[in-house]
file start32.cif (mmCIF, N, CA and C atoms)
data_structure
#
loop_
_atom_site.group_PDB
_atom_site.id
_atom_site.type_symbol
_atom_site.label_atom_id
_atom_site.label_comp_id
_atom_site.auth_asym_id
_atom_site.auth_seq_id
_atom_site.Cartn_x
_atom_site.Cartn_y
_atom_site.Cartn_z
ATOM 1 N N MET A 202 0.843 -1.171 0.000
ATOM 2 C CA MET A 202 0.000 0.000 0.000
ATOM 3 C C MET A 202 0.893 1.240 0.000
ATOM 4 N N PRO A 203 0.622 2.203 -0.843
ATOM 5 C CA PRO A 203 1.415 3.436 -0.884
ATOM 6 C C PRO A 203 1.369 4.189 0.443
ATOM 7 N N ILE A 204 2.409 4.947 0.690
ATOM 8 C CA ILE A 204 2.565 5.651 1.963
ATOM 9 C C ILE A 204 2.447 7.156 1.768
ATOM 10 N N VAL A 205 1.716 7.796 2.682
ATOM 11 C CA VAL A 205 1.741 9.252 2.827
ATOM 12 C C VAL A 205 2.331 9.499 4.207
ATOM 13 N N THR A 206 3.394 10.280 4.271
ATOM 14 C CA THR A 206 4.079 10.507 5.542
ATOM 15 C C THR A 206 4.617 11.930 5.612
ATOM 16 N N THR A 207 5.224 12.256 6.731
ATOM 17 C CA THR A 207 5.806 13.592 6.898
ATOM 18 C C THR A 207 7.177 13.665 6.243
ATOM 19 N N SER A 208 7.644 14.872 6.025
ATOM 20 C CA SER A 208 8.972 15.062 5.436
ATOM 21 C C SER A 208 10.064 14.539 6.363
ATOM 22 N N ILE A 209 9.831 14.591 7.670
ATOM 23 C CA ILE A 209 10.828 14.080 8.622
ATOM 24 C C ILE A 209 11.014 12.576 8.442
ATOM 25 N N ILE A 210 9.921 11.840 8.368
ATOM 26 C CA ILE A 210 10.008 10.385 8.185
ATOM 27 C C ILE A 210 10.620 10.064 6.826
ATOM 28 N N ALA A 211 10.212 10.780 5.792
ATOM 29 C CA ALA A 211 10.774 10.547 4.459
ATOM 30 C C ALA A 211 12.284 10.746 4.477
ATOM 31 N N LYS A 212 12.733 11.792 5.149
ATOM 32 C CA LYS A 212 14.167 12.061 5.236
ATOM 33 C C LYS A 212 14.882 10.961 6.012
ATOM 34 N N GLN A 213 14.292 10.514 7.119
ATOM 35 C CA GLN A 213 14.908 9.451 7.913
ATOM 36 C C GLN A 213 15.013 8.151 7.120
ATOM 37 N N LEU A 214 14.012 7.865 6.316
ATOM 38 C CA LEU A 214 14.046 6.663 5.486
ATOM 39 C C LEU A 214 14.989 6.815 4.297
ATOM 40 N N GLY A 215 15.196 8.064 3.875
ATOM 41 C CA GLY A 215 15.977 8.305 2.671
ATOM 42 C C GLY A 215 15.163 8.051 1.406
ATOM 43 N N TRP A 216 13.844 8.099 1.541
ATOM 44 C CA TRP A 216 12.955 7.880 0.407
ATOM 45 C C TRP A 216 12.523 9.224 -0.171
ATOM 46 N N LYS A 217 12.207 9.223 -1.473
ATOM 47 C CA LYS A 217 11.906 10.466 -2.179
ATOM 48 C C LYS A 217 10.405 10.684 -2.356
ATOM 49 N N ASN A 218 10.002 11.946 -2.153
ATOM 50 C CA ASN A 218 8.626 12.352 -2.409
ATOM 51 C C ASN A 218 8.296 12.141 -3.882
ATOM 52 N N GLU A 219 7.102 11.659 -4.144
ATOM 53 C CA GLU A 219 6.588 11.396 -5.489
ATOM 54 C C GLU A 219 7.279 10.202 -6.151
ATOM 55 N N SER A 220 8.142 9.516 -5.426
ATOM 56 C CA SER A 220 8.780 8.314 -5.956
ATOM 57 C C SER A 220 8.360 7.102 -5.133
ATOM 58 N N GLU A 221 8.922 6.983 -3.916
ATOM 59 C CA GLU A 221 8.579 5.844 -3.067
ATOM 60 C C GLU A 221 7.436 6.139 -2.102
ATOM 61 N N LEU A 222 7.100 7.404 -1.958
ATOM 62 C CA LEU A 222 6.039 7.823 -1.040
ATOM 63 C C LEU A 222 5.587 9.224 -1.392
ATOM 64 N N LEU A 223 4.547 9.682 -0.700
ATOM 65 C CA LEU A 223 4.100 11.068 -0.824
ATOM 66 C C LEU A 223 4.281 11.742 0.525
ATOM 67 N N VAL A 224 4.670 13.015 0.495
ATOM 68 C CA VAL A 224 4.949 13.766 1.717
ATOM 69 C C VAL A 224 3.826 14.757 1.987
ATOM 70 N N ALA A 225 3.481 14.861 3.268
ATOM 71 C CA ALA A 225 2.493 15.844 3.718
ATOM 72 C C ALA A 225 2.835 16.232 5.147
ATOM 73 N N ASP A 226 2.975 17.527 5.393
ATOM 74 C CA ASP A 226 3.348 18.004 6.722
ATOM 75 C C ASP A 226 2.207 18.679 7.479
ATOM 76 N N CYS A 227 1.033 18.727 6.890
ATOM 77 C CA CYS A 227 -0.132 19.260 7.606
ATOM 78 C C CYS A 227 -1.346 18.412 7.222
ATOM 79 N N ALA A 228 -2.387 18.515 8.007
ATOM 80 C CA ALA A 228 -3.572 17.670 7.822
ATOM 81 C C ALA A 228 -4.214 17.852 6.446
ATOM 82 N N GLU A 229 -4.294 19.098 5.996
ATOM 83 C CA GLU A 229 -4.928 19.359 4.698
ATOM 84 C C GLU A 229 -4.135 18.719 3.559
ATOM 85 N N THR A 230 -2.822 18.867 3.591
ATOM 86 C CA THR A 230 -1.973 18.271 2.556
ATOM 87 C C THR A 230 -2.022 16.751 2.635
ATOM 88 N N PHE A 231 -2.048 16.212 3.857
ATOM 89 C CA PHE A 231 -2.149 14.766 4.031
ATOM 90 C C PHE A 231 -3.416 14.237 3.363
ATOM 91 N N ALA A 232 -4.529 14.903 3.613
ATOM 92 C CA ALA A 232 -5.801 14.495 3.005
ATOM 93 C C ALA A 232 -5.731 14.596 1.485
ATOM 94 N N THR A 233 -5.150 15.675 0.985
ATOM 95 C CA THR A 233 -5.016 15.865 -0.460
ATOM 96 C C THR A 233 -4.187 14.749 -1.087
ATOM 97 N N GLN A 234 -3.086 14.392 -0.444
ATOM 98 C CA GLN A 234 -2.220 13.329 -0.966
ATOM 99 C C GLN A 234 -2.954 11.983 -0.961
ATOM 100 N N CYS A 235 -3.707 11.705 0.086
ATOM 101 C CA CYS A 235 -4.487 10.461 0.149
ATOM 102 C C CYS A 235 -5.520 10.414 -0.972
ATOM 103 N N ILE A 236 -6.181 11.532 -1.212
ATOM 104 C CA ILE A 236 -7.173 11.604 -2.286
ATOM 105 C C ILE A 236 -6.505 11.399 -3.637
ATOM 106 N N ARG A 237 -5.342 12.025 -3.835
ATOM 107 C CA ARG A 237 -4.596 11.830 -5.092
ATOM 108 C C ARG A 237 -4.335 10.348 -5.334
ATOM 109 N N LEU A 238 -3.840 9.666 -4.314
ATOM 110 C CA LEU A 238 -3.547 8.239 -4.456
ATOM 111 C C LEU A 238 -4.806 7.448 -4.782
ATOM 112 N N TYR A 239 -5.865 7.732 -4.073
ATOM 113 C CA TYR A 239 -7.113 6.994 -4.247
ATOM 114 C C TYR A 239 -7.707 7.195 -5.644
ATOM 115 N N GLN A 240 -7.569 8.394 -6.184
ATOM 116 C CA GLN A 240 -8.188 8.710 -7.470
ATOM 117 C C GLN A 240 -7.296 8.427 -8.674
ATOM 118 N N ASP A 241 -6.005 8.250 -8.465
ATOM 119 C CA ASP A 241 -5.061 8.087 -9.575
ATOM 120 C C ASP A 241 -4.383 6.722 -9.476
ATOM 121 N N SER A 242 -4.921 5.751 -10.197
ATOM 122 C CA SER A 242 -4.386 4.387 -10.105
ATOM 123 C C SER A 242 -2.952 4.296 -10.622
ATOM 124 N N GLU A 243 -2.600 5.130 -11.589
ATOM 125 C CA GLU A 243 -1.225 5.128 -12.087
ATOM 126 C C GLU A 243 -0.260 5.606 -10.995
ATOM 127 N N LEU A 244 -0.616 6.673 -10.299
ATOM 128 C CA LEU A 244 0.202 7.166 -9.191
ATOM 129 C C LEU A 244 0.272 6.117 -8.084
ATOM 130 N N TRP A 245 -0.874 5.530 -7.742
ATOM 131 C CA TRP A 245 -0.933 4.480 -6.710
ATOM 132 C C TRP A 245 0.071 3.372 -7.037
ATOM 133 N N ASN A 246 0.008 2.858 -8.272
ATOM 134 C CA ASN A 246 0.888 1.756 -8.672
ATOM 135 C C ASN A 246 2.350 2.175 -8.715
ATOM 136 N N HIS A 247 2.614 3.382 -9.174
ATOM 137 C CA HIS A 247 3.993 3.887 -9.222
ATOM 138 C C HIS A 247 4.596 3.946 -7.815
ATOM 139 N N ILE A 248 3.894 4.596 -6.891
ATOM 140 C CA ILE A 248 4.384 4.729 -5.511
ATOM 141 C C ILE A 248 4.511 3.346 -4.874
ATOM 142 N N ARG A 249 3.522 2.519 -5.057
ATOM 143 C CA ARG A 249 3.523 1.171 -4.479
ATOM 144 C C ARG A 249 4.712 0.359 -4.985
ATOM 145 N N ASN A 250 4.920 0.335 -6.287
ATOM 146 C CA ASN A 250 6.000 -0.468 -6.864
ATOM 147 C C ASN A 250 7.374 0.022 -6.431
ATOM 148 N N LYS A 251 7.564 1.337 -6.421
ATOM 149 C CA LYS A 251 8.856 1.891 -5.980
ATOM 150 C C LYS A 251 9.111 1.571 -4.510
ATOM 151 N N ALA A 252 8.076 1.689 -3.679
ATOM 152 C CA ALA A 252 8.223 1.391 -2.251
ATOM 153 C C ALA A 252 8.535 -0.089 -2.037
ATOM 154 N N LEU A 253 7.857 -0.963 -2.759
ATOM 155 C CA LEU A 253 8.126 -2.396 -2.631
ATOM 156 C C LEU A 253 9.566 -2.731 -2.996
ATOM 157 N N LYS A 254 10.072 -2.104 -4.045
ATOM 158 C CA LYS A 254 11.471 -2.336 -4.431
ATOM 159 C C LYS A 254 12.424 -1.899 -3.329
ATOM 160 N N ARG A 255 12.143 -0.752 -2.707
ATOM 161 C CA ARG A 255 12.996 -0.280 -1.602
ATOM 162 C C ARG A 255 12.949 -1.240 -0.429
ATOM 163 N N VAL A 256 11.751 -1.710 -0.089
ATOM 164 C CA VAL A 256 11.612 -2.652 1.030
ATOM 165 C C VAL A 256 12.350 -3.949 0.715
ATOM 166 N N GLU A 257 12.200 -4.455 -0.504
ATOM 167 C CA GLU A 257 12.900 -5.683 -0.892
ATOM 168 C C GLU A 257 14.411 -5.514 -0.784
ATOM 169 N N THR A 258 14.913 -4.355 -1.161
ATOM 170 C CA THR A 258 16.348 -4.094 -1.119
ATOM 171 C C THR A 258 16.843 -3.866 0.301
ATOM 172 N N GLU A 259 16.140 -3.042 1.053
ATOM 173 C CA GLU A 259 16.618 -2.618 2.368
ATOM 174 C C GLU A 259 16.251 -3.574 3.497
ATOM 175 N N CYS A 260 15.253 -4.402 3.296
ATOM 176 C CA CYS A 260 14.765 -5.257 4.391
ATOM 177 C C CYS A 260 14.819 -6.744 4.057
ATOM 178 N N SER A 261 15.564 -7.103 3.050
ATOM 179 C CA SER A 261 15.653 -8.513 2.684
ATOM 180 C C SER A 261 16.389 -9.297 3.768
ATOM 181 N N PRO A 262 16.152 -10.596 3.864
ATOM 182 C CA PRO A 262 16.891 -11.407 4.835
ATOM 183 C C PRO A 262 18.403 -11.306 4.636
ATOM 184 N N HIS A 263 18.842 -11.256 3.385
ATOM 185 C CA HIS A 263 20.274 -11.134 3.107
ATOM 186 C C HIS A 263 20.829 -9.822 3.666
ATOM 187 N N LYS A 264 20.132 -8.731 3.442
ATOM 188 C CA LYS A 264 20.566 -7.423 3.942
ATOM 189 C C LYS A 264 20.563 -7.410 5.472
ATOM 190 N N PHE A 265 19.531 -7.977 6.072
ATOM 191 C CA PHE A 265 19.456 -8.047 7.531
ATOM 192 C C PHE A 265 20.645 -8.827 8.084
ATOM 193 N N PHE A 266 20.935 -9.991 7.501
ATOM 194 C CA PHE A 266 22.053 -10.809 7.957
ATOM 195 C C PHE A 266 23.374 -10.063 7.795
ATOM 196 N N ALA A 267 23.559 -9.407 6.657
ATOM 197 C CA ALA A 267 24.797 -8.656 6.416
ATOM 198 C C ALA A 267 24.962 -7.539 7.437
ATOM 199 N N ASN A 268 23.899 -6.819 7.739
ATOM 200 C CA ASN A 268 23.965 -5.745 8.737
ATOM 201 C C ASN A 268 24.258 -6.295 10.124
ATOM 202 N N LEU A 269 23.598 -7.381 10.484
ATOM 203 C CA LEU A 269 23.822 -8.003 11.787
ATOM 204 C C LEU A 269 25.256 -8.504 11.907
ATOM 205 N N GLN A 270 25.736 -9.132 10.865
ATOM 206 C CA GLN A 270 27.111 -9.634 10.858
ATOM 207 C C GLN A 270 28.104 -8.481 11.004
ATOM 208 N N SER A 271 27.864 -7.391 10.322
ATOM 209 C CA SER A 271 28.733 -6.216 10.413
ATOM 210 C C SER A 271 28.766 -5.672 11.836
ATOM 211 N N ILE A 272 27.614 -5.600 12.468
ATOM 212 C CA ILE A 272 27.531 -5.106 13.850
ATOM 213 C C ILE A 272 28.288 -6.031 14.790
ATOM 214 N N LEU A 273 28.084 -7.322 14.642
ATOM 215 C CA LEU A 273 28.745 -8.283 15.522
ATOM 216 C C LEU A 273 30.258 -8.292 15.324
ATOM 217 N N LEU A 274 30.695 -8.152 14.098
ATOM 218 C CA LEU A 274 32.136 -8.137 13.833
ATOM 219 C C LEU A 274 32.799 -6.892 14.406
ATOM 220 N N GLU A 275 32.077 -5.779 14.447
ATOM 221 C CA GLU A 275 32.620 -4.550 15.033
ATOM 222 C C GLU A 275 32.820 -4.701 16.536
ATOM 223 N N LYS A 276 31.935 -5.419 17.182
ATOM 224 C CA LYS A 276 31.996 -5.551 18.643
ATOM 225 C C LYS A 276 32.998 -6.601 19.092
ATOM 226 N N TYR A 277 33.310 -7.576 18.260
ATOM 227 C CA TYR A 277 34.186 -8.663 18.691
ATOM 228 C C TYR A 277 35.407 -8.696 17.863
#

call {"tool": "encode", "arguments": {"input": "start32.cif", "output": "structure tokens"}}
result
Amino acid sequence: MPIVTTSIIAKQLGWKNESELLVADCAETFATQCIRLYQDSELWNHIRNKALKRVETECSPHKFFANLQSILLEKY
């Protein structure tokens, strides 16, 4: 499902507005972005597909294991 979030969260994730998610920093803009997604199936699919690719890349079991291994090797 596509994401509408604040600019702070987008920055923390390193995800781009209008690519992997939509940004809204006030209630009115948040509602507008949600309506855009709901009414525009092309935008919905674009945001959804880009976000899924990021999740697959950043949260894959391989990536998790590599990060965990890196942390453990630093400590020992």

call {"tool": "closest_residue", "arguments": {"input": "start32.cif", "among": "A:Phe266, A:Glu275, A:Ile248, A:Ala232", "to": "Glu219 of chain A", "atoms": "only N, CA and C atoms"}}
result
A:Ile248

call {"tool": "atom_distance", "arguments": {"input": "start32.cif", "atom1": "atom N of Trp216 of chain A", "atom2": "atom CA of Asn250 of chain A"}}
result
14.3 Å

call {"tool": "closest_residue", "arguments": {"input": "start32.cif", "among": "A:Ala252, A:Leu269, A:Thr206, A:Gly215", "to": "Gln234 of chain A", "atoms": "only C-alpha atoms"}}
result
A:Thr206

call {"tool": "atom_distance", "arguments": {"input": "start32.cif", "atom1": "atom CA of Met202 of chain A", "atom2": "atom C of Arg249 of chain A"}}
result
6.9 Å

call {"tool": "atom_distance", "arguments": {"input": "start32.cif", "atom1": "atom C of Ile209 of chain A", "atom2": "atom C of Arg237 of chain A"}}
result
20.7 Å

call {"tool": "resolve_selection", "arguments": {"input": "start32.cif", "expression": "the PyMOL selection byres ((chain A and resi 225) around 7)", "output": "ChimeraX atom specification"}}
result
/A:205-208,223-224,226-228,230-231

call {"tool": "select_by_dssp", "arguments": {"input": "start32.cif", "residues": "chain A", "states": "strand (DSSP E or B)", "output": "ChimeraX atom specification"}}
result
/A:205-206,218,222-224

call {"tool": "write_last_selection", "arguments": {"input": "start32.cif", "atoms": "N, CA and C atoms", "output": "PDB file, keeping the file's coordinate frame"}}
result
ATOM      1  N   VAL A 205       1.716   7.796   2.682  1.00  0.00           N
ATOM      2  CA  VAL A 205       1.741   9.252   2.827  1.00  0.00           C
ATOM      3  C   VAL A 205       2.331   9.499   4.207  1.00  0.00           C
ATOM      4  N   THR A 206       3.394  10.280   4.271  1.00  0.00           N
ATOM      5  CA  THR A 206       4.079  10.507   5.542  1.00  0.00           C
ATOM      6  C   THR A 206       4.617  11.930   5.612  1.00  0.00           C
ATOM      7  N   ASN A 218      10.002  11.946  -2.153  1.00  0.00           N
ATOM      8  CA  ASN A 218       8.626  12.352  -2.409  1.00  0.00           C
ATOM      9  C   ASN A 218       8.296  12.141  -3.882  1.00  0.00           C
ATOM     10  N   LEU A 222       7.100   7.404  -1.958  1.00  0.00           N
ATOM     11  CA  LEU A 222       6.039   7.823  -1.040  1.00  0.00           C
ATOM     12  C   LEU A 222       5.587   9.224  -1.392  1.00  0.00           C
ATOM     13  N   LEU A 223       4.547   9.682  -0.700  1.00  0.00           N
ATOM     14  CA  LEU A 223       4.100  11.068  -0.824  1.00  0.00           C
ATOM     15  C   LEU A 223       4.281  11.742   0.525  1.00  0.00           C
ATOM     16  N   VAL A 224       4.670  13.015   0.495  1.00  0.00           N
ATOM     17  CA  VAL A 224       4.949  13.766   1.717  1.00  0.00           C
ATOM     18  C   VAL A 224       3.826  14.757   1.987  1.00  0.00           C
TER      19      VAL A 224
END

call {"tool": "closest_residue", "arguments": {"input": "start32.cif", "among": "A:Leu214, A:Leu273, A:Glu229, A:Cys235", "to": "Val256 of chain A", "atoms": "only C-alpha atoms"}}
result
A:Leu214

call {"tool": "axis_aligned_box", "arguments": {"input": "start32.cif", "around": "segment 224-241 of chain A", "padding_each_side": "3 Å", "output": "lines of an AutoDock Vina configuration file"}}
result
center_x = -1.6
center_y = 13.0
center_z = -0.8
size_x = 19.1
size_y = 18.6
size_z = 23.6
